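K.L.:
This is entry10.cif, which holds mmCIF, C-alpha atoms and all ligand atoms:
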data_final
loop_
_atom_site.label_atom_id
_atom_site.label_comp_id
_atom_site.auth_asym_id
_atom_site.auth_seq_id
_atom_site.Cartn_x
_atom_site.Cartn_y
_atom_site.Cartn_z
CA MET A 268 -3.98 -27.87 -9.95
CA ASN A 269 -0.36 -28.53 -10.99
CA ALA A 270 1.01 -28.81 -14.53
CA ALA A 271 0.74 -32.61 -14.50
CA THR A 272 -3.01 -32.49 -13.94
CA ALA A 273 -3.78 -29.34 -15.97
CA VAL A 274 -6.61 -30.00 -18.37
CA VAL A 275 -6.44 -28.83 -21.94
CA LYS A 276 -9.76 -27.05 -22.38
CA PRO A 277 -11.44 -28.02 -25.64
CA ALA A 278 -11.54 -24.33 -26.59
CA ASP A 279 -7.74 -24.56 -26.97
CA ILE A 280 -8.41 -26.27 -30.29
CA TRP A 281 -8.88 -22.82 -31.90
CA ARG A 282 -5.18 -22.07 -31.36
CA ASP A 283 -4.14 -24.96 -33.64
CA ALA A 284 -5.34 -24.03 -37.13
CA ASP A 285 -4.95 -27.56 -38.59
CA ALA A 286 -6.88 -29.18 -35.75
CA ALA A 287 -9.50 -26.44 -35.87
CA LYS A 288 -9.98 -26.81 -39.63
CA ASP A 289 -10.42 -30.60 -39.30
CA PHE A 290 -12.85 -30.03 -36.45
CA LEU A 291 -14.91 -27.47 -38.39
CA ASP A 292 -14.95 -29.64 -41.54
CA GLN A 293 -16.16 -32.64 -39.52
CA ALA A 294 -18.84 -30.53 -37.83
CA ALA A 295 -19.92 -29.11 -41.22
CA ALA A 296 -20.32 -32.67 -42.55
CA GLU A 297 -22.41 -33.69 -39.52
CA LEU A 298 -24.50 -30.55 -39.84
CA ALA A 299 -24.99 -30.57 -43.62
CA ALA A 300 -28.77 -31.02 -43.39
CA ALA A 301 -29.07 -28.42 -40.61
CA LYS A 302 -27.00 -25.93 -42.62
CA GLU A 303 -29.31 -26.44 -45.61
CA GLN A 304 -32.28 -25.58 -43.42
CA LEU A 305 -30.48 -22.48 -42.15
CA ASP A 306 -29.71 -21.41 -45.73
CA ALA A 307 -33.38 -21.76 -46.60
CA MET A 308 -34.28 -19.41 -43.72
CA LEU A 309 -31.94 -16.65 -44.94
CA ARG A 310 -33.48 -13.94 -47.14
CA VAL A 311 -30.50 -13.98 -49.48
CA ARG A 312 -30.87 -13.22 -53.20
CA PRO A 313 -28.52 -12.70 -56.14
CA GLY A 314 -26.74 -9.42 -55.41
CA SER A 315 -27.22 -9.54 -51.60
CA HIS A 316 -24.52 -8.27 -49.27
CA VAL A 317 -24.02 -10.83 -46.50
CA LEU A 318 -21.89 -11.03 -43.35
CA ASP A 319 -21.00 -14.31 -41.59
CA VAL A 320 -19.86 -13.51 -38.03
CA GLY A 321 -17.44 -16.14 -36.65
CA CYS A 322 -16.92 -17.67 -40.08
CA GLY A 323 -14.06 -20.01 -39.10
CA THR A 324 -12.35 -21.20 -42.26
CA GLY A 325 -15.23 -19.94 -44.39
CA ASN A 326 -17.26 -23.00 -45.44
CA ASP A 327 -20.50 -21.02 -45.19
CA VAL A 328 -18.95 -17.89 -46.71
CA ARG A 329 -18.16 -19.81 -49.88
CA ALA A 330 -21.65 -21.37 -50.04
CA LEU A 331 -23.20 -17.91 -49.65
CA ALA A 332 -20.90 -16.44 -52.31
CA ALA A 333 -22.16 -19.01 -54.79
CA ARG A 334 -25.74 -18.14 -53.87
CA VAL A 335 -25.51 -14.34 -54.15
CA GLY A 336 -23.43 -14.52 -57.34
CA PRO A 337 -20.92 -12.06 -58.81
CA SER A 338 -23.11 -9.00 -58.18
CA GLY A 339 -23.21 -9.74 -54.44
CA ARG A 340 -20.70 -9.40 -51.64
CA VAL A 341 -19.91 -11.84 -48.83
CA VAL A 342 -17.74 -11.02 -45.83
CA GLY A 343 -16.55 -13.56 -43.27
CA LEU A 344 -15.41 -12.13 -39.93
CA ASP A 345 -13.57 -14.11 -37.27
CA SER A 346 -11.43 -13.33 -34.22
CA SER A 347 -8.92 -16.03 -35.18
CA GLU A 348 -6.24 -14.87 -37.59
CA GLN A 349 -5.12 -18.49 -38.12
CA LEU A 350 -8.60 -19.59 -39.19
CA ILE A 351 -9.37 -16.80 -41.63
CA ALA A 352 -5.90 -17.27 -43.11
CA ARG A 353 -7.31 -20.63 -44.30
CA GLY A 354 -10.25 -18.89 -45.99
CA GLU A 355 -10.40 -19.50 -49.73
CA PRO A 356 -12.09 -17.54 -52.52
CA GLY A 357 -15.45 -18.59 -53.96
CA GLY A 358 -15.83 -20.12 -57.44
CA PRO A 359 -15.78 -18.26 -60.78
CA ASP A 360 -19.53 -17.45 -60.71
CA ALA A 361 -19.51 -16.52 -57.06
CA ALA A 362 -19.44 -13.20 -55.24
CA PRO A 363 -16.07 -11.84 -54.25
CA VAL A 364 -15.39 -12.93 -50.66
CA GLU A 365 -13.49 -10.99 -48.02
CA PHE A 366 -12.15 -12.35 -44.75
CA VAL A 367 -11.87 -9.80 -41.97
CA LEU A 368 -10.21 -10.17 -38.57
CA GLY A 369 -12.48 -8.79 -35.86
CA GLU A 370 -14.57 -9.19 -32.73
CA ALA A 371 -18.25 -10.08 -32.85
CA GLY A 372 -18.88 -7.50 -30.13
CA ASP A 373 -17.22 -4.66 -32.05
CA LEU A 374 -17.87 -5.16 -35.76
CA PRO A 375 -15.66 -3.00 -38.01
CA PHE A 376 -18.50 -1.96 -40.38
CA GLU A 377 -20.73 1.09 -40.78
CA ASP A 378 -24.35 0.97 -39.67
CA GLY A 379 -26.62 -0.72 -42.23
CA THR A 380 -23.85 -2.22 -44.38
CA PHE A 381 -25.40 -5.65 -45.02
CA ASP A 382 -28.72 -7.09 -46.21
CA VAL A 383 -28.28 -10.23 -44.10
CA VAL A 384 -26.05 -11.13 -41.15
CA ARG A 385 -25.70 -14.72 -39.94
CA SER A 386 -23.74 -16.29 -37.09
CA GLU A 387 -23.56 -20.04 -36.41
CA ARG A 388 -22.12 -21.65 -33.22
CA VAL A 389 -20.27 -18.46 -32.27
CA VAL A 390 -22.21 -16.49 -29.64
CA GLN A 391 -21.64 -19.36 -27.18
CA HIS A 392 -17.92 -18.38 -27.29
CA VAL A 393 -17.99 -14.56 -27.23
CA PRO A 394 -17.19 -12.45 -24.14
CA ASP A 395 -20.40 -10.36 -24.40
CA PRO A 396 -23.34 -12.05 -26.19
CA ALA A 397 -25.61 -8.99 -25.84
CA ALA A 398 -23.01 -6.78 -27.53
CA ALA A 399 -22.55 -9.33 -30.34
CA VAL A 400 -26.28 -9.49 -31.12
CA ALA A 401 -26.61 -5.69 -30.90
CA GLU A 402 -23.68 -5.27 -33.27
CA MET A 403 -25.20 -7.65 -35.82
CA LEU A 404 -28.41 -5.61 -35.76
CA ARG A 405 -26.45 -2.39 -36.08
CA VAL A 406 -24.60 -3.44 -39.24
CA VAL A 407 -27.68 -4.84 -41.01
CA ARG A 408 -29.70 -2.34 -43.08
CA PRO A 409 -33.24 -1.31 -42.08
CA GLY A 410 -35.46 -4.13 -43.32
CA GLY A 411 -32.51 -6.54 -43.30
CA GLN A 412 -32.33 -9.86 -41.46
CA VAL A 413 -30.14 -11.30 -38.70
CA LEU A 414 -29.95 -15.05 -38.00
CA VAL A 415 -28.08 -16.48 -35.02
CA THR A 416 -27.90 -20.14 -34.07
CA ASP A 417 -26.19 -21.95 -31.23
CA PRO A 418 -26.61 -25.26 -29.45
CA ASP A 419 -28.03 -25.13 -25.95
CA HIS A 420 -25.34 -26.95 -23.96
CA GLY A 421 -27.80 -27.63 -21.14
CA MET A 422 -29.82 -29.88 -23.47
CA TRP A 423 -27.32 -32.53 -24.56
CA ALA A 424 -28.76 -35.89 -23.53
CA PRO A 425 -26.51 -38.95 -23.86
CA ASP A 426 -28.03 -42.41 -23.32
CA LEU A 427 -25.86 -43.78 -20.49
CA ASP A 428 -26.64 -46.18 -17.65
CA ASP A 429 -25.82 -44.11 -14.56
CA ARG A 430 -28.30 -41.25 -14.47
CA GLU A 431 -26.87 -39.50 -11.39
CA LEU A 432 -23.28 -39.64 -12.67
CA THR A 433 -24.35 -38.54 -16.16
CA ARG A 434 -26.31 -35.63 -14.71
CA ARG A 435 -23.32 -34.50 -12.62
CA ILE A 436 -20.73 -34.77 -15.37
CA MET A 437 -22.94 -33.25 -18.09
CA THR A 438 -23.97 -30.31 -15.88
CA TRP A 439 -20.33 -29.58 -15.10
CA TRP A 440 -19.19 -30.25 -18.66
CA SER A 441 -21.72 -27.87 -20.21
CA ASP A 442 -19.62 -25.03 -18.76
CA HIS A 443 -16.66 -25.85 -21.02
CA VAL A 444 -17.89 -23.06 -23.29
CA PRO A 445 -18.15 -19.52 -21.89
CA ASN A 446 -21.91 -19.15 -22.57
CA PRO A 447 -23.40 -22.65 -22.38
CA TRP A 448 -27.04 -21.46 -22.09
CA VAL A 449 -26.86 -18.53 -24.48
CA ALA A 450 -29.03 -20.28 -27.07
CA ARG A 451 -32.08 -20.01 -24.81
CA ARG A 452 -31.20 -16.33 -24.15
CA LEU A 453 -31.03 -15.37 -27.82
CA ARG A 454 -34.68 -14.38 -28.17
CA ASP A 455 -34.33 -11.97 -25.24
CA LEU A 456 -31.11 -10.55 -26.69
CA PHE A 457 -32.77 -9.94 -30.07
CA VAL A 458 -35.78 -8.23 -28.47
CA ARG A 459 -33.58 -6.04 -26.25
CA ALA A 460 -31.47 -5.07 -29.28
CA GLY A 461 -34.61 -3.79 -30.99
CA ALA A 462 -35.17 -6.56 -33.56
CA ARG A 463 -38.64 -6.93 -35.07
CA ASP A 464 -40.52 -10.13 -35.97
CA VAL A 465 -38.26 -12.23 -33.74
CA ALA A 466 -38.82 -15.93 -34.44
CA VAL A 467 -37.39 -18.99 -32.68
CA THR A 468 -36.96 -22.39 -34.32
CA LEU A 469 -35.43 -25.55 -32.88
CA GLN A 470 -33.28 -27.88 -34.93
CA PRO A 471 -32.99 -31.31 -33.32
CA VAL A 472 -29.49 -32.82 -33.45
CA VAL A 473 -29.30 -36.61 -33.24
CA LEU A 474 -25.81 -38.06 -32.86
CA THR A 475 -25.31 -41.80 -33.23
CA SER A 476 -21.51 -42.00 -33.09
CA LEU A 477 -18.89 -40.65 -30.74
CA ALA A 478 -17.10 -39.03 -33.70
CA ALA A 479 -20.26 -37.08 -34.54
CA ALA A 480 -20.85 -36.13 -30.89
CA ASP A 481 -17.24 -35.05 -30.47
CA ALA A 482 -17.48 -32.78 -33.49
CA LEU A 483 -20.20 -30.78 -31.73
CA THR A 484 -19.72 -31.33 -28.00
CA TRP A 485 -16.26 -32.83 -27.29
CA ILE A 486 -18.01 -35.32 -25.01
CA GLY A 487 -15.15 -37.76 -25.62
CA LYS A 488 -12.95 -35.48 -23.50
CA ALA A 489 -15.44 -35.08 -20.65
CA ALA A 490 -14.54 -38.21 -18.64
CA GLY A 491 -10.80 -37.47 -18.65
CA ALA A 492 -11.37 -33.83 -17.72
CA ALA A 493 -13.85 -34.77 -14.96
CA GLU A 494 -11.31 -37.20 -13.54
CA ALA A 495 -8.41 -34.74 -13.72
CA GLN A 496 -10.44 -31.98 -12.08
CA GLY A 497 -11.87 -34.21 -9.37
CA VAL A 498 -15.48 -33.56 -10.38
CA VAL A 499 -16.38 -37.17 -9.59
CA PRO A 500 -14.22 -39.95 -8.12
CA ALA A 501 -11.57 -40.99 -10.65
CA GLY A 502 -12.70 -44.61 -11.02
CA ARG A 503 -16.28 -43.60 -11.71
CA ALA A 504 -15.29 -41.01 -14.31
CA ARG A 505 -13.20 -43.64 -16.06
CA GLU A 506 -16.06 -46.16 -16.08
CA TRP A 507 -18.35 -43.49 -17.47
CA GLY A 508 -15.88 -42.73 -20.28
CA GLN A 509 -15.47 -46.45 -20.97
CA GLU A 510 -19.22 -46.89 -21.30
CA ILE A 511 -19.24 -44.19 -23.98
CA LEU A 512 -16.44 -45.98 -25.87
CA ARG A 513 -18.14 -49.39 -25.47
CA ARG A 514 -21.50 -48.12 -26.70
CA ASP A 515 -19.80 -46.50 -29.67
CA ALA A 516 -17.85 -49.66 -30.55
CA GLU A 517 -21.04 -51.73 -30.31
CA GLY A 518 -23.06 -49.28 -32.43
CA ARG A 519 -25.29 -48.36 -29.46
CA PHE A 520 -24.22 -44.75 -28.94
CA LEU A 521 -26.93 -42.08 -28.82
CA MET A 522 -26.85 -38.48 -27.77
CA PHE A 523 -29.25 -35.76 -28.80
CA GLY A 524 -29.75 -32.07 -28.30
CA ALA A 525 -30.99 -28.98 -30.06
CA PHE A 526 -29.78 -25.94 -31.90
CA VAL A 527 -31.80 -22.81 -31.28
CA VAL A 528 -32.21 -20.63 -34.38
CA VAL A 529 -33.34 -17.06 -33.86
CA THR A 530 -34.16 -14.68 -36.69
CA GLY A 531 -35.13 -11.04 -36.50
CA ASN A 532 -35.53 -8.06 -38.79
CA LYS A 533 -34.29 -4.52 -38.34
C1 LIG A 601 -17.66 -23.51 -33.64
S1 LIG A 601 -16.80 -22.37 -34.66
C2 LIG A 601 -18.03 -22.05 -35.89
C3 LIG A 601 -17.45 -21.62 -37.20
C4 LIG A 601 -18.46 -21.42 -38.33
N1 LIG A 601 -19.48 -20.45 -37.99
C5 LIG A 601 -19.10 -22.73 -38.73
O1 LIG A 601 -20.31 -22.89 -38.58
O2 LIG A 601 -18.35 -23.58 -39.21
C6 LIG A 601 -16.73 -20.85 -33.71
C7 LIG A 601 -16.00 -19.73 -34.41
O3 LIG A 601 -16.22 -18.52 -33.68
C8 LIG A 601 -15.02 -17.77 -33.68
N2 LIG A 601 -15.08 -16.83 -32.56
C9 LIG A 601 -15.00 -17.11 -31.25
N3 LIG A 601 -15.11 -15.98 -30.51
C10 LIG A 601 -15.27 -14.96 -31.38
C11 LIG A 601 -15.43 -13.54 -31.25
N4 LIG A 601 -15.45 -12.97 -30.04
N5 LIG A 601 -15.56 -12.79 -32.36
C12 LIG A 601 -15.54 -13.37 -33.58
N6 LIG A 601 -15.38 -14.70 -33.78
C13 LIG A 601 -15.25 -15.49 -32.71
C14 LIG A 601 -13.95 -18.84 -33.56
O4 LIG A 601 -12.67 -18.36 -33.93
C15 LIG A 601 -14.49 -19.92 -34.49
O5 LIG A 601 -14.08 -19.73 -35.81
#
Show how you would write the structure in this file as structure tokens.

P.N.:
Amino acid sequence: MNAATAVVKPADIWRDADAAKDFLDQAAAELAAAKEQLDAMLRVRPGSHVLDVGCGTGNDVRALAARVGPSGRVVGLDSSEQLIARGEPGGPDAAPVEFVLGEAGDLPFEDGTFDVVRSERVVQHVPDPAAAVAEMLRVVRPGGQVLVTDPDHGMWAPDLDDRELTRRIMTWWSDHVPNPWVARRLRDLFVRAGARDVAVTLQPVVLTSLAAADALTWIGKAAGAAEAQGVVPAGRAREWGQEILRRDAEGRFLMFGAFVVVTGNK
């Protein structure tokens, strides 16, 4: 592929801090109800010490800081220096928050440092998912809880006319993240890392606008990328992309999928 046809991978968005912050804020708005459910699953109390692995710009870190209060501690870790540089402190009655640069697969904390460790939409991106899950279990205290959630990128189902074309493009497109099927592997990774009481919950995600779907899946970029990379004939990829735009403009867009939430205790 030459420079003229090179495709900007959606993952490149993390290199532009402004674009990434807008993207994460939009996703957080779309996922507000799902995030509330996740919060309810966390065994967090006033005074808890909590780690958010892959915290981005820290939306969840701040929410947790308010929940654990001034006697608690909340740490957000991310591999992007630009993103954690956007991290802001919690409110006056919140726990002190710290933002730490680091790798999910090599957490810079002693064994048993935290009461609760959470990680949302991160393991799909990491180089070694098994190491990331094992590290989260290592840094939680005995009796503590780890929660990991990711979308399963093999489960996104858009309502589009051409089933064969949709199947081909979506199967190819699911590989735009490094670990597209890691969500369905999480239970195995928890068990192998020695977690107890491993539980799996599904959160359905129903997306009725292209903006919402883009915030979680970048599907708006799929047709152009499929065309540029010759995945399907150019004209057909374009028609497929136009159908998405038309359905969105006419209020007929629908795409759904699922987040897999896995919890385990140490
Ligand atoms: C989709 S965002 C999710 C951010 C945040 N958890 C949220 O729910 O808003 C993925 C985040 O994972 C971070 N990330 C990717 N690979 C990582 C790694 N190997 N170690 C730590 N963080 C990583 C990215 O920098 C980004 O902030």

K.L.:
Please return as number ranges by chain the residues found within 6 Å of ligand LIG 601 (chain A), counting all atoms listed in the file.

P.N.:
A: 291, 321-323, 345-347, 369-371, 387-389, 392-393

K.L.:
I'd like to know which of A:Arg408, A:Lys488, A:Arg514, A:Arg519 is closest to Thr380 (chain A), using all atoms listed in the file.

P.N.:
A:Arg408

K.L.:
Go through A:Ile351, A:Ala460, A:Met308, A:Val444 and flag the residue nearest Ala398 (chain A), using only C-alpha atoms for the distances.

P.N.:
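Checking each candidate against Ala398 (chain A), we get A:Ala460 as the closest.
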
K.L.:
Skipping near chain neighbours, those fewer than 6 positions away, what residues fall within 9 Å of Asp481 (chain A) using all atoms listed in the file, listed as a PyMOL selection string?

P.N.:
chain A and resi 290+294+487-488

K.L.:
Using only C-alpha atoms and a cutoff of 9 Å, can you tell me which residues are near (-26.1, -14.6, -53.5) in the file's coordinates, and write them out as a PyMOL selection string?

P.N.:
chain A and resi 311-317+330-341+361-362

K.L.:
Separation of CA of Gly508 (chain A) and CA of Ala490 (chain A), in Å?

P.N.:
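Result for CA of Gly508 (chain A) versus CA of Ala490 (chain A): 5.0 Å, one decimal.
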
K.L.:
Rounded to one decimal, what separation in Å do you get between CA of Arg385 (chain A) and CA of Asp455 (chain A)?

P.N.:
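Rounded to one decimal, the two atoms are 17.3 Å apart.
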